[in-house]
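Source file: input-v6.pdb; contents: PDB, C-alpha atoms.
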ATOM      1  CA  MET E 759      15.654 -18.617 -32.456
ATOM      2  CA  ALA E 760      17.571 -15.778 -30.823
ATOM      3  CA  GLU E 761      21.036 -16.813 -29.744
ATOM      4  CA  GLN E 762      20.552 -15.325 -26.286
ATOM      5  CA  ALA E 763      17.278 -17.181 -25.693
ATOM      6  CA  ALA E 764      18.789 -20.443 -26.970
ATOM      7  CA  TYR E 765      21.709 -20.133 -24.566
ATOM      8  CA  ILE E 766      19.356 -19.638 -21.611
ATOM      9  CA  LEU E 767      16.855 -22.318 -22.627
ATOM     10  CA  ASN E 768      19.601 -24.926 -22.914
ATOM     11  CA  GLN E 769      19.718 -24.820 -19.129
ATOM     12  CA  TYR E 770      16.153 -26.189 -18.916
ATOM     13  CA  GLN E 771      14.931 -29.698 -19.610
ATOM     14  CA  LEU E 772      12.689 -28.692 -22.493
ATOM     15  CA  THR E 773      12.161 -29.874 -26.031
ATOM     16  CA  VAL E 774      12.031 -26.398 -27.578
ATOM     17  CA  GLU E 775      10.062 -26.133 -30.836
ATOM     18  CA  ASP E 776       9.710 -22.391 -31.358
ATOM     19  CA  VAL E 777      10.658 -19.079 -29.705
ATOM     20  CA  ARG E 778       9.248 -15.669 -30.528
ATOM     21  CA  LYS E 779       9.705 -12.222 -29.028
ATOM     22  CA  GLY E 780       6.835 -10.421 -27.328
ATOM     23  CA  ARG E 781       6.535  -7.488 -24.879
ATOM     24  CA  GLY E 782      10.015  -7.680 -23.446
ATOM     25  CA  GLN E 783       9.925 -11.447 -23.066
ATOM     26  CA  TRP E 784      10.197 -14.596 -25.140
ATOM     27  CA  ILE E 785       7.242 -16.879 -25.782
ATOM     28  CA  VAL E 786       8.551 -20.443 -25.819
ATOM     29  CA  ARG E 787       6.651 -23.320 -27.379
ATOM     30  CA  ALA E 788       8.020 -26.719 -26.363
ATOM     31  CA  GLY E 789       6.918 -30.318 -26.317
ATOM     32  CA  GLU E 790       6.198 -29.860 -22.603
ATOM     33  CA  GLY E 791       3.898 -26.852 -23.115
ATOM     34  CA  VAL E 792       4.040 -23.066 -23.584
ATOM     35  CA  PHE E 793       6.257 -20.865 -21.405
ATOM     36  CA  VAL E 794       7.504 -17.286 -21.078
ATOM     37  CA  LEU E 795      11.143 -16.415 -20.511
ATOM     38  CA  LYS E 796      11.997 -13.001 -19.093
ATOM     39  CA  GLU E 797      14.629 -11.152 -17.141
ATOM     40  CA  CYS E 798      14.372 -11.630 -13.376
ATOM     41  CA  HIS E 799      14.593  -8.601 -11.085
ATOM     42  CA  MET E 800      13.866 -10.396  -7.806
ATOM     43  CA  GLY E 801      16.204 -11.622  -5.117
ATOM     44  CA  GLU E 802      16.519 -15.351  -4.428
ATOM     45  CA  GLU E 803      14.412 -15.306  -1.255
ATOM     46  CA  HIS E 804      11.644 -13.293  -2.877
ATOM     47  CA  LEU E 805      11.695 -15.695  -5.824
ATOM     48  CA  MET E 806      11.434 -18.730  -3.538
ATOM     49  CA  LEU E 807       8.489 -17.135  -1.752
ATOM     50  CA  LEU E 808       6.799 -16.456  -5.091
ATOM     51  CA  LYS E 809       7.189 -20.122  -6.020
ATOM     52  CA  ASP E 810       5.704 -21.227  -2.701
ATOM     53  CA  LEU E 811       2.792 -18.803  -3.061
ATOM     54  CA  THR E 812       1.845 -19.716  -6.638
ATOM     55  CA  GLU E 813       2.019 -23.430  -5.849
ATOM     56  CA  HIS E 814      -0.122 -22.889  -2.750
ATOM     57  CA  ILE E 815      -2.737 -21.023  -4.774
ATOM     58  CA  GLU E 816      -3.039 -23.767  -7.386
ATOM     59  CA  SER E 817      -3.102 -26.563  -4.812
ATOM     60  CA  SER E 818      -5.751 -24.938  -2.629
ATOM     61  CA  THR E 819      -8.037 -23.205  -5.172
ATOM     62  CA  GLN E 820      -9.452 -23.665  -8.654
ATOM     63  CA  VAL E 821      -7.411 -20.755 -10.037
ATOM     64  CA  TYR E 822      -4.562 -21.185 -12.508
ATOM     65  CA  VAL E 823      -1.628 -18.876 -11.924
ATOM     66  CA  GLN E 824       1.760 -18.780 -13.603
ATOM     67  CA  GLN E 825       4.254 -21.196 -12.078
ATOM     68  CA  LEU E 826       8.032 -20.886 -11.987
ATOM     69  CA  VAL E 827       9.987 -23.604 -13.801
ATOM     70  CA  CYS E 828      13.295 -24.863 -12.396
ATOM     71  CA  THR E 829      16.389 -25.370 -14.518
ATOM     72  CA  GLY E 830      17.931 -28.800 -14.999
ATOM     73  CA  ASP E 831      20.108 -28.002 -11.961
ATOM     74  CA  GLY E 832      17.075 -27.195  -9.826
ATOM     75  CA  THR E 833      17.624 -23.427  -9.660
ATOM     76  CA  LEU E 834      14.866 -20.845 -10.170
ATOM     77  CA  THR E 835      16.864 -18.680 -12.548
ATOM     78  CA  ALA E 836      19.138 -19.231 -15.516
ATOM     79  CA  LYS E 837      21.836 -16.774 -16.528
ATOM     80  CA  ASP E 838      22.759 -15.548 -19.964
ATOM     81  CA  ILE E 839      26.303 -15.054 -21.221
ATOM     82  CA  ASP E 840      26.518 -11.711 -19.361
ATOM     83  CA  GLU E 841      25.360 -13.349 -16.080
ATOM     84  CA  THR E 842      21.956 -11.626 -16.228
ATOM     85  CA  PRO E 843      19.363 -13.825 -14.464
ATOM     86  CA  TYR E 844      16.223 -14.973 -16.287
ATOM     87  CA  MET E 845      13.185 -16.897 -15.103
ATOM     88  CA  LEU E 846      10.913 -19.278 -16.974
ATOM     89  CA  GLN E 847       7.188 -19.420 -16.206
ATOM     90  CA  THR E 848       4.239 -21.433 -17.443
ATOM     91  CA  PHE E 849       2.011 -19.734 -19.987
ATOM     92  CA  SER E 850      -0.804 -20.407 -22.447
ATOM     93  CA  GLU E 851      -1.972 -18.934 -25.736
ATOM     94  CA  GLY E 852      -4.759 -16.441 -25.124
ATOM     95  CA  ARG E 853      -5.677 -12.769 -24.802
ATOM     96  CA  GLU E 854      -6.201 -10.071 -22.197
ATOM     97  CA  CYS E 855      -9.466  -9.782 -20.310
ATOM     98  CA  ASN E 856     -11.930  -7.406 -21.968
ATOM     99  CA  ILE E 857     -13.226  -5.253 -19.116
ATOM    100  CA  ARG E 858     -15.805  -3.695 -21.436
ATOM    101  CA  ASP E 859     -17.543  -7.083 -21.426
ATOM    102  CA  SER E 860     -19.603  -7.493 -18.240
ATOM    103  CA  ARG E 861     -19.205 -11.270 -18.342
ATOM    104  CA  GLU E 862     -15.441 -11.005 -18.444
ATOM    105  CA  TRP E 863     -15.005  -8.364 -15.748
ATOM    106  CA  GLY E 864     -17.443 -10.324 -13.606
ATOM    107  CA  GLN E 865     -15.343 -13.438 -14.128
ATOM    108  CA  ALA E 866     -12.222 -11.433 -13.231
ATOM    109  CA  VAL E 867     -13.757 -10.427  -9.899
ATOM    110  CA  ARG E 868     -14.900 -13.999  -9.179
ATOM    111  CA  LEU E 869     -11.410 -15.309  -9.946
ATOM    112  CA  LEU E 870      -9.900 -12.695  -7.648
ATOM    113  CA  ALA E 871     -12.069 -13.811  -4.734
ATOM    114  CA  GLU E 872     -11.183 -17.458  -5.377
ATOM    115  CA  MET E 873      -7.474 -16.713  -5.735
ATOM    116  CA  HIS E 874      -7.482 -14.802  -2.446
ATOM    117  CA  LYS E 875      -8.631 -17.945  -0.635
ATOM    118  CA  GLY E 876      -5.226 -19.395  -1.416
ATOM    119  CA  MET E 877      -3.212 -16.323  -0.454
ATOM    120  CA  GLN E 878      -3.101 -16.848   3.296
ATOM    121  CA  MET E 879       0.027 -18.883   3.783
ATOM    122  CA  GLU E 880       2.421 -19.733   6.582
ATOM    123  CA  THR E 881       6.080 -19.255   5.757
ATOM    124  CA  GLN E 882       9.384 -19.440   7.583
ATOM    125  CA  MET E 883      10.775 -16.631   5.454
ATOM    126  CA  LYS E 884      10.893 -13.102   6.802
ATOM    127  CA  VAL E 885       8.094 -11.168   5.118
ATOM    128  CA  PRO E 886       7.900  -7.403   5.726
ATOM    129  CA  SER E 887       4.276  -6.347   6.169
ATOM    130  CA  TYR E 888       2.937  -3.554   4.039
ATOM    131  CA  SER E 889       1.765  -0.474   5.966
ATOM    132  CA  LEU E 890      -1.023   1.565   4.423
ATOM    133  CA  ALA E 891      -0.320   4.341   6.941
ATOM    134  CA  ALA E 892       3.313   4.508   5.825
ATOM    135  CA  GLU E 893       2.193   4.653   2.190
ATOM    136  CA  PHE E 894      -0.227   7.503   2.917
ATOM    137  CA  HIS E 895       2.487   9.361   4.826
ATOM    138  CA  ARG E 896       5.034   8.992   2.012
ATOM    139  CA  ARG E 897       2.577  10.295  -0.545
ATOM    140  CA  ASN E 898       1.570  13.217   1.659
ATOM    141  CA  VAL E 899       5.200  14.253   2.107
ATOM    142  CA  GLU E 900       5.431  14.318  -1.693
ATOM    143  CA  LEU E 901       2.196  16.316  -2.022
ATOM    144  CA  ARG E 902       3.440  18.941   0.428
ATOM    145  CA  ARG E 903       6.732  19.235  -1.487
ATOM    146  CA  ILE E 904       4.901  19.697  -4.787
ATOM    147  CA  ARG E 905       2.602  22.340  -3.294
ATOM    148  CA  ARG E 906       5.607  24.330  -2.036
ATOM    149  CA  TYR E 907       7.156  24.134  -5.486
ATOM    150  CA  LEU E 908       3.968  25.381  -7.158
ATOM    151  CA  LYS E 909       3.491  28.146  -4.603
ATOM    152  CA  GLU E 910       7.003  29.491  -5.171
ATOM    153  CA  LYS E 911       6.866  29.179  -8.968
ATOM    154  CA  LYS E 912       6.377  32.672 -10.401
ATOM    155  CA  GLN E 913       5.394  31.804 -13.959
ATOM    156  CA  LYS E 914       2.752  29.069 -14.049
ATOM    157  CA  ASN E 915       1.405  27.523 -17.221
ATOM    158  CA  ASP E 916      -2.266  26.605 -17.643
ATOM    159  CA  PHE E 917      -1.839  23.129 -16.181
ATOM    160  CA  GLU E 918       0.045  24.411 -13.135
ATOM    161  CA  ARG E 919      -2.577  27.066 -12.438
ATOM    162  CA  LEU E 920      -5.333  24.464 -12.715
ATOM    163  CA  LEU E 921      -3.468  22.047 -10.441
ATOM    164  CA  TYR E 922      -2.694  24.689  -7.839
ATOM    165  CA  GLN E 923      -6.254  26.013  -7.856
ATOM    166  CA  GLN E 924      -7.655  22.774  -6.387
ATOM    167  CA  TYR E 925      -4.554  21.646  -4.526
ATOM    168  CA  GLY E 926      -5.651  22.647  -1.027
ATOM    169  CA  LEU E 927      -8.881  20.648  -1.228
ATOM    170  CA  PHE E 928      -7.175  17.389  -2.237
ATOM    171  CA  LEU E 929      -4.237  17.819   0.128
ATOM    172  CA  GLU E 930      -6.617  18.345   3.041
ATOM    173  CA  GLU E 931      -8.463  15.176   2.031
ATOM    174  CA  ALA E 932      -5.193  13.239   1.828
ATOM    175  CA  LEU E 933      -3.999  14.416   5.244
ATOM    176  CA  ARG E 934      -7.353  13.664   6.868
ATOM    177  CA  THR E 935      -7.391  10.158   5.392
ATOM    178  CA  GLU E 936      -3.905   9.443   6.742
ATOM    179  CA  GLU E 937      -4.790  10.719  10.219
ATOM    180  CA  GLU E 938      -8.062   8.776  10.463
ATOM    181  CA  TRP E 939      -6.575   5.526   9.136
ATOM    182  CA  LEU E 940      -3.775   5.682  11.699
ATOM    183  CA  SER E 941      -6.317   5.390  14.504
ATOM    184  CA  TYR E 942      -7.876   2.305  12.874
ATOM    185  CA  GLU E 943      -4.634   0.565  11.961
ATOM    186  CA  LYS E 944      -3.599   0.425  15.620
ATOM    187  CA  LEU E 945      -6.727  -1.554  16.481
ATOM    188  CA  PHE E 946      -5.937  -4.560  14.316
ATOM    189  CA  ASP E 947      -3.898  -7.531  15.468
ATOM    190  CA  GLU E 948      -0.335  -7.383  14.212
ATOM    191  CA  GLU E 949       0.003 -11.128  14.853
ATOM    192  CA  ARG E 950      -2.683 -12.078  12.351
ATOM    193  CA  PRO E 951      -1.825 -14.766   9.748
ATOM    194  CA  VAL E 952       0.095 -13.476   6.742
ATOM    195  CA  TRP E 953      -2.111 -12.553   3.813
ATOM    196  CA  PHE E 954      -0.707 -11.814   0.386
ATOM    197  CA  SER E 955      -2.052  -9.765  -2.484
ATOM    198  CA  HIS E 956      -1.272 -10.043  -6.193
ATOM    199  CA  GLY E 957      -0.027  -6.448  -6.232
ATOM    200  CA  ASP E 958      -0.929  -5.688  -9.852
ATOM    201  CA  TYR E 959      -4.349  -7.200 -10.540
ATOM    202  CA  GLN E 960      -5.492  -5.560 -13.764
ATOM    203  CA  TYR E 961      -6.869  -6.691 -17.098
ATOM    204  CA  HIS E 962      -3.372  -7.073 -18.620
ATOM    205  CA  ASN E 963      -2.685  -9.858 -16.125
ATOM    206  CA  ILE E 964      -5.988 -11.706 -16.522
ATOM    207  CA  TRP E 965      -5.359 -14.021 -19.459
ATOM    208  CA  ILE E 966      -8.334 -15.582 -21.263
ATOM    209  CA  CYS E 967      -7.324 -18.925 -22.788
ATOM    210  CA  PRO E 968      -9.430 -21.363 -24.843
ATOM    211  CA  ASP E 969      -9.907 -23.800 -21.945
ATOM    212  CA  ARG E 970      -9.333 -21.665 -18.838
ATOM    213  CA  THR E 971      -8.370 -18.271 -17.461
ATOM    214  CA  MET E 972      -4.862 -17.785 -16.094
ATOM    215  CA  ILE E 973      -3.605 -15.078 -13.740
ATOM    216  CA  LEU E 974      -0.239 -13.716 -14.834
ATOM    217  CA  ASN E 975       2.656 -11.760 -13.343
ATOM    218  CA  LEU E 976       2.484 -12.214  -9.592
ATOM    219  CA  GLU E 977       6.010 -10.803  -9.240
ATOM    220  CA  LYS E 978       4.687  -7.686  -7.468
ATOM    221  CA  PHE E 979       2.989  -9.724  -4.739
ATOM    222  CA  MET E 980       3.285  -8.357  -1.215
ATOM    223  CA  ALA E 981       2.174  -9.041   2.343
ATOM    224  CA  ASP E 982      -0.865  -6.802   2.216
ATOM    225  CA  LEU E 983      -4.551  -7.485   2.735
ATOM    226  CA  PRO E 984      -6.276  -9.092  -0.277
ATOM    227  CA  CYS E 985      -8.587  -6.076  -0.534
ATOM    228  CA  ARG E 986      -5.613  -4.224  -2.063
ATOM    229  CA  ASP E 987      -6.230  -6.080  -5.330
ATOM    230  CA  LEU E 988      -9.992  -5.501  -5.200
ATOM    231  CA  TYR E 989      -9.413  -1.778  -4.635
ATOM    232  CA  GLN E 990      -6.963  -1.460  -7.529
ATOM    233  CA  PHE E 991      -9.199  -3.334  -9.941
ATOM    234  CA  MET E 992     -12.347  -1.441  -8.915
ATOM    235  CA  ARG E 993     -10.768   2.019  -8.846
ATOM    236  CA  LYS E 994      -9.454   1.811 -12.395
ATOM    237  CA  PHE E 995     -12.721   0.309 -13.616
ATOM    238  CA  LEU E 996     -14.977   2.829 -11.860
ATOM    239  CA  GLU E 997     -12.913   5.819 -12.985
ATOM    240  CA  LYS E 998     -13.750   4.778 -16.542
ATOM    241  CA  HIS E 999     -17.451   4.527 -15.615
ATOM    242  CA  ASP E1000     -17.848   7.795 -13.685
ATOM    243  CA  TRP E1001     -18.037   5.995 -10.339
ATOM    244  CA  ASP E1002     -21.276   4.240 -11.231
ATOM    245  CA  GLN E1003     -22.727   3.029  -7.912
ATOM    246  CA  HIS E1004     -24.678   0.186  -9.486
ATOM    247  CA  LEU E1005     -21.539  -1.237 -11.079
ATOM    248  CA  GLY E1006     -19.628  -0.781  -7.816
ATOM    249  CA  ASN E1007     -22.273  -2.694  -5.883
ATOM    250  CA  GLN E1008     -22.264  -5.433  -8.519
ATOM    251  CA  MET E1009     -18.517  -5.904  -8.232
ATOM    252  CA  LEU E1010     -18.609  -6.051  -4.448
ATOM    253  CA  ASP E1011     -21.518  -8.514  -4.494
ATOM    254  CA  ILE E1012     -19.707 -10.768  -6.962
ATOM    255  CA  TYR E1013     -16.541 -10.713  -4.860
ATOM    256  CA  GLU E1014     -18.321 -11.408  -1.571
ATOM    257  CA  SER E1015     -20.327 -14.236  -3.108
ATOM    258  CA  GLY E1016     -16.977 -16.019  -3.387
ATOM    259  CA  ARG E1017     -15.118 -14.691  -0.354
ATOM    260  CA  ARG E1018     -16.385 -12.516   2.474
ATOM    261  CA  LEU E1019     -14.283  -9.489   3.271
ATOM    262  CA  LEU E1020     -12.899  -9.254   6.798
ATOM    263  CA  LEU E1021     -13.956  -6.246   8.902
ATOM    264  CA  GLU E1022     -10.406  -4.899   8.670
ATOM    265  CA  GLU E1023     -10.580  -5.175   4.895
ATOM    266  CA  LYS E1024     -13.900  -3.337   4.731
ATOM    267  CA  ILE E1025     -12.543  -0.426   6.723
ATOM    268  CA  SER E1026      -9.279  -0.518   4.788
ATOM    269  CA  LEU E1027     -11.205  -0.485   1.508
ATOM    270  CA  ILE E1028     -13.040   2.676   2.549
ATOM    271  CA  TYR E1029      -9.807   4.511   3.326
ATOM    272  CA  ARG E1030      -8.038   3.282   0.189
ATOM    273  CA  PHE E1031     -10.885   4.755  -1.856
ATOM    274  CA  ALA E1032     -11.018   7.871   0.317
ATOM    275  CA  TYR E1033      -7.392   8.730  -0.359
ATOM    276  CA  PRO E1034      -7.175  10.941  -3.514
ATOM    277  CA  GLU E1035      -4.767   8.587  -5.276
ATOM    278  CA  LYS E1036      -5.499   9.822  -8.793
ATOM    279  CA  PHE E1037      -4.711  13.419  -7.787
ATOM    280  CA  TRP E1038      -1.469  12.284  -6.147
ATOM    281  CA  LYS E1039      -0.505  10.339  -9.296
ATOM    282  CA  ILE E1040      -1.088  13.315 -11.587
ATOM    283  CA  ALA E1041       0.783  15.729  -9.293
ATOM    284  CA  ASN E1042       3.637  13.290  -8.739
ATOM    285  CA  HIS E1043       3.971  12.553 -12.458
ATOM    286  CA  TYR E1044       4.078  16.290 -13.174
ATOM    287  CA  PHE E1045       6.716  16.984 -10.508
ATOM    288  CA  ASN E1046       8.999  14.103 -11.509
ATOM    289  CA  SER E1047       8.882  14.769 -15.246
ATOM    290  CA  LYS E1048       8.701  18.550 -15.475
ATOM    291  CA  LYS E1049      11.173  18.796 -18.353
ATOM    292  CA  PHE E1050       9.265  16.260 -20.458
ATOM    293  CA  PHE E1051       5.757  17.008 -19.189
ATOM    294  CA  THR E1052       3.006  17.489 -21.770
ATOM    295  CA  GLN E1053       0.165  19.726 -20.659
ATOM    296  CA  GLY E1054      -2.687  18.732 -22.935
ATOM    297  CA  LYS E1055      -3.371  15.120 -22.039
ATOM    298  CA  ASN E1056      -2.631  15.644 -18.341
ATOM    299  CA  GLU E1057      -4.857  18.709 -18.217
ATOM    300  CA  GLU E1058      -7.669  16.531 -19.570
ATOM    301  CA  LYS E1059      -7.009  13.984 -16.819
ATOM    302  CA  LEU E1060      -7.105  16.701 -14.190
ATOM    303  CA  LEU E1061     -10.353  18.191 -15.473
ATOM    304  CA  LYS E1062     -11.942  14.737 -15.563
ATOM    305  CA  LEU E1063     -10.752  14.118 -12.011
ATOM    306  CA  PHE E1064     -12.347  17.348 -10.801
ATOM    307  CA  ALA E1065     -15.586  16.568 -12.661
ATOM    308  CA  GLN E1066     -15.787  13.098 -11.063
ATOM    309  CA  GLU E1067     -14.918  14.127  -7.508
ATOM    310  CA  GLN E1068     -18.489  14.414  -6.236
ATOM    311  CA  ALA E1069     -19.407  11.062  -7.794
ATOM    312  CA  ARG E1070     -16.386   9.481  -6.054
ATOM    313  CA  GLN E1071     -17.474  10.906  -2.713
ATOM    314  CA  ASN E1072     -21.039   9.656  -3.289
ATOM    315  CA  PHE E1073     -19.691   6.181  -4.063
ATOM    316  CA  ILE E1074     -17.698   6.125  -0.803
ATOM    317  CA  GLU E1075     -20.706   7.232   1.255
ATOM    318  CA  SER E1076     -23.481   5.246  -0.436
ATOM    319  CA  VAL E1077     -21.741   2.063  -1.547
ATOM    320  CA  LEU E1078     -18.844   1.572   0.868
ATOM    321  CA  LYS E1079     -19.948   3.130   4.146
ATOM    322  CA  GLU E1080     -23.691   2.424   3.994
ATOM    323  CA  ASN E1081     -23.600  -0.883   2.136
ATOM    324  CA  ILE E1082     -20.443  -2.902   2.509
ATOM    325  CA  LEU E1083     -19.511  -1.801   6.022
ATOM    326  CA  TYR E1084     -22.875  -2.708   7.496
ATOM    327  CA  SER E1085     -23.643  -5.761   5.374
TER     328      SER E1085
END
What is this file in structure tokens?
Amino acid sequence: MAEQAAYILNQYQLTVEDVRKGRGQWIVRAGEGVFVLKECHMGEEHLMLLKDLTEHIESSTQVYVQQLVCTGDGTLTAKDIDETPYMLQTFSEGRECNIRDSREWGQAVRLLAEMHKGMQMETQMKVPSYSLAAEFHRRNVELRRIRRYLKEKKQKNDFERLLYQQYGLFLEEALRTEEEWLSYEKLFDEERPVWFSHGDYQYHNIWICPDRTMILNLEKFMADLPCRDLYQFMRKFLEKHDWDQHLGNQMLDIYESGRRLLLEEKISLIYRFAYPEKFWKIANHYFNSKKFFTQGKNEEKLLKLFAQEQARQNFIESVLKENILYS
């Protein structure tokens, strides 16, 4: 057992049997169960809210999510010799969800809908609401800055020429999406109950265990509409499947069979998909890592993005606007 892990685990009321290293954390097997120990990067209030949220989900739904474990002194973190805070969470032996298996990605969508039923929660803590308009605006400021840089750059490599060639089209789309969403966002009630989203719902965090499925790593949760998670999961999945409309409809049907989307979520979902997020990610990655940027792989991503653009637009029109919005 690592000396550092032993020092931290002594602060918990556990009968530790084995500790092993894995992905920047320790897997702890104890008489009381299996746990993960990892460095904590959250403030105390955020950590307390996470504890309240995960307990609320498990008490109000049939979904298992990781729970925080208190130390013997009742605190949510334990410190190592250097005063670095660590947190201990419940865990189980298992594997990541296989999104190539239709049964497993279908189960992931069903679990998401069920988990979202437990993510509307009253709290006395101050929770800053996420603003999609502010996010769009921040990204568009970055896109404008990158375009100016590319325009002024005299010697462009192949990737830069390819990026700049299509830049106007995607920037116009991004600006239009921001402007249109602003008019919708003002219509919705700011005093609505607080909804939370997982914040990072992807196959890495959907853990298939022998007797159940557990949702991991809710540390990135935020006060945003639940459809945030559905959008993130679907976008990454559909990009790998050339924006297949049949698969998109299947995923939406599975989700809504468990939890109906609110009107605000339906409209929000359309604009989240309408924003050219993949283009922004590629451009932003290029701009922020110019000295270490590799052309080949990123050029492939850009070419694939361009090739899929019409299919993405067709998905928005045929699946989201014609189907989900009017269902």
Take the PyMOL selection byres ((chain E and resi 844) around 8), run it mentally on this structure, and tell me the resulting residues as a PyMOL selection string. chain E and resi 766+795-798+835-838+842-843+845-846
Residues matched by the PyMOL selection byres ((chain E and resi 851) around 9), written as a short mmCIF file (atom, residue, chain, number, x, y, z; two decimals) with C-alpha atoms, keeping the file's coordinate frame:
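What landed in part36.cif:
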data_model
loop_
_atom_site.label_atom_id
_atom_site.label_comp_id
_atom_site.auth_asym_id
_atom_site.auth_seq_id
_atom_site.Cartn_x
_atom_site.Cartn_y
_atom_site.Cartn_z
CA VAL E 792 4.04 -23.07 -23.58
CA PHE E 849 2.01 -19.73 -19.99
CA SER E 850 -0.80 -20.41 -22.45
CA GLY E 852 -4.76 -16.44 -25.12
CA ARG E 853 -5.68 -12.77 -24.80
CA TRP E 965 -5.36 -14.02 -19.46
CA ILE E 966 -8.33 -15.58 -21.26
CA CYS E 967 -7.32 -18.92 -22.79
CA PRO E 968 -9.43 -21.36 -24.84
#
Expressed in Å, the length from CA of Thr833 (chain E) to CA of Gly801 (chain E) is 12.7 Å
When you draw a straight line from CA of Glu862 (chain E) to CA of Glu1023 (chain E), how long is it in Å? 24.5 Å
Under the rule that all atoms listed in the file are counted, which of E:Tyr959, E:Phe1045, E:Tyr942, E:Phe979 is the nearest residue to Leu808 (chain E)? E:Phe979
Would you compute an axis-aligned box for region 1067-1082 of chain E, covering every atom listed for it in the file with 5 Å of margin on each side, and report centre and edge lengths in Å to one decimal as lines of an AutoDock Vina configuration file?
center_x = -19.3
center_y = 5.8
center_z = -1.8
size_x = 18.8
size_y = 27.3
size_z = 21.9
Would you compute the distance between CA of Leu807 (chain E) and CA of Asp831 (chain E)? Give it in Å to one decimal. 18.9 Å
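Ranking E:Val823, E:Leu890, E:Ile1040, E:Asn1007 by their shortest atom-to-atom distance to Glu1058 (chain E), with all atoms listed in the file included, puts E:Ile1040 first.
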Please evaluate the PyMOL selection byres ((chain E and resi 1070) around 9) against the structure above and give the resulting residues as a ChimeraX atom specification. /E:996-997,1000-1002,1031-1032,1066-1069,1071-1075
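Of the residues listed (E:Arg993, E:Arg858, E:Lys978, E:Lys911), E:Arg993 shows the shortest atom-to-atom separation from Arg1030 (chain E); distances use only C-alpha atoms.
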Please provide as an mmCIF file with C-alpha atoms, in the frame of the given file all residues within 8 Å of region 1077-1082 of chain E, with the sequence filter that same-chain residues fewer than 6 positions apart are discarded (counting only C-alpha atoms).
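around28.cif, written as the output of this step:
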data_model
loop_
_atom_site.group_PDB
_atom_site.id
_atom_site.type_symbol
_atom_site.label_atom_id
_atom_site.label_comp_id
_atom_site.auth_asym_id
_atom_site.auth_seq_id
_atom_site.Cartn_x
_atom_site.Cartn_y
_atom_site.Cartn_z
ATOM 1 C CA GLN E 1003 -22.727 3.029 -7.912
ATOM 2 C CA GLY E 1006 -19.628 -0.781 -7.816
ATOM 3 C CA ASN E 1007 -22.273 -2.694 -5.883
ATOM 4 C CA LEU E 1010 -18.609 -6.051 -4.448
ATOM 5 C CA LYS E 1024 -13.900 -3.337 4.731
ATOM 6 C CA LEU E 1027 -11.205 -0.485 1.508
ATOM 7 C CA ILE E 1028 -13.040 2.676 2.549
#
Got a sec to check which residues sit within 12 Å of (-8.6, 15.1, 0.0), counting only C-alpha atoms, and write them as an NGL selection string? :E and (894 or 898 or 901 or 924-937 or 1029-1038 or 1064 or 1067-1068 or 1070-1071)
Based on the selection just made, write C-alpha atoms of those residues as a PDB file, keeping the file's coordinate frame.
ATOM      1  CA  PHE E 894      -0.227   7.503   2.917  1.00  0.00           C
ATOM      2  CA  ASN E 898       1.570  13.217   1.659  1.00  0.00           C
ATOM      3  CA  LEU E 901       2.196  16.316  -2.022  1.00  0.00           C
ATOM      4  CA  GLN E 924      -7.655  22.774  -6.387  1.00  0.00           C
ATOM      5  CA  TYR E 925      -4.554  21.646  -4.526  1.00  0.00           C
ATOM      6  CA  GLY E 926      -5.651  22.647  -1.027  1.00  0.00           C
ATOM      7  CA  LEU E 927      -8.881  20.648  -1.228  1.00  0.00           C
ATOM      8  CA  PHE E 928      -7.175  17.389  -2.237  1.00  0.00           C
ATOM      9  CA  LEU E 929      -4.237  17.819   0.128  1.00  0.00           C
ATOM     10  CA  GLU E 930      -6.617  18.345   3.041  1.00  0.00           C
ATOM     11  CA  GLU E 931      -8.463  15.176   2.031  1.00  0.00           C
ATOM     12  CA  ALA E 932      -5.193  13.239   1.828  1.00  0.00           C
ATOM     13  CA  LEU E 933      -3.999  14.416   5.244  1.00  0.00           C
ATOM     14  CA  ARG E 934      -7.353  13.664   6.868  1.00  0.00           C
ATOM     15  CA  THR E 935      -7.391  10.158   5.392  1.00  0.00           C
ATOM     16  CA  GLU E 936      -3.905   9.443   6.742  1.00  0.00           C
ATOM     17  CA  GLU E 937      -4.790  10.719  10.219  1.00  0.00           C
ATOM     18  CA  TYR E1029      -9.807   4.511   3.326  1.00  0.00           C
ATOM     19  CA  ARG E1030      -8.038   3.282   0.189  1.00  0.00           C
ATOM     20  CA  PHE E1031     -10.885   4.755  -1.856  1.00  0.00           C
ATOM     21  CA  ALA E1032     -11.018   7.871   0.317  1.00  0.00           C
ATOM     22  CA  TYR E1033      -7.392   8.730  -0.359  1.00  0.00           C
ATOM     23  CA  PRO E1034      -7.175  10.941  -3.514  1.00  0.00           C
ATOM     24  CA  GLU E1035      -4.767   8.587  -5.276  1.00  0.00           C
ATOM     25  CA  LYS E1036      -5.499   9.822  -8.793  1.00  0.00           C
ATOM     26  CA  PHE E1037      -4.711  13.419  -7.787  1.00  0.00           C
ATOM     27  CA  TRP E1038      -1.469  12.284  -6.147  1.00  0.00           C
ATOM     28  CA  PHE E1064     -12.347  17.348 -10.801  1.00  0.00           C
ATOM     29  CA  GLU E1067     -14.918  14.127  -7.508  1.00  0.00           C
ATOM     30  CA  GLN E1068     -18.489  14.414  -6.236  1.00  0.00           C
ATOM     31  CA  ARG E1070     -16.386   9.481  -6.054  1.00  0.00           C
ATOM     32  CA  GLN E1071     -17.474  10.906  -2.713  1.00  0.00           C
TER      33      GLN E1071
END
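Residues surrounding Asn915 (chain E) within 12 Å are Leu908, Leu920, Leu921, Tyr922, Lys1048, Phe1051, Thr1052, Gln1053, Gly1054 and Glu1057 of chain E [all atoms listed in the file; sequence separation below 5 positions excluded].
Using all atoms listed in the file, the nearest neighbour of Met1009 (chain E) within the list E:Lys1059, E:Arg868, E:Arg903, E:Lys914 is E:Arg868.
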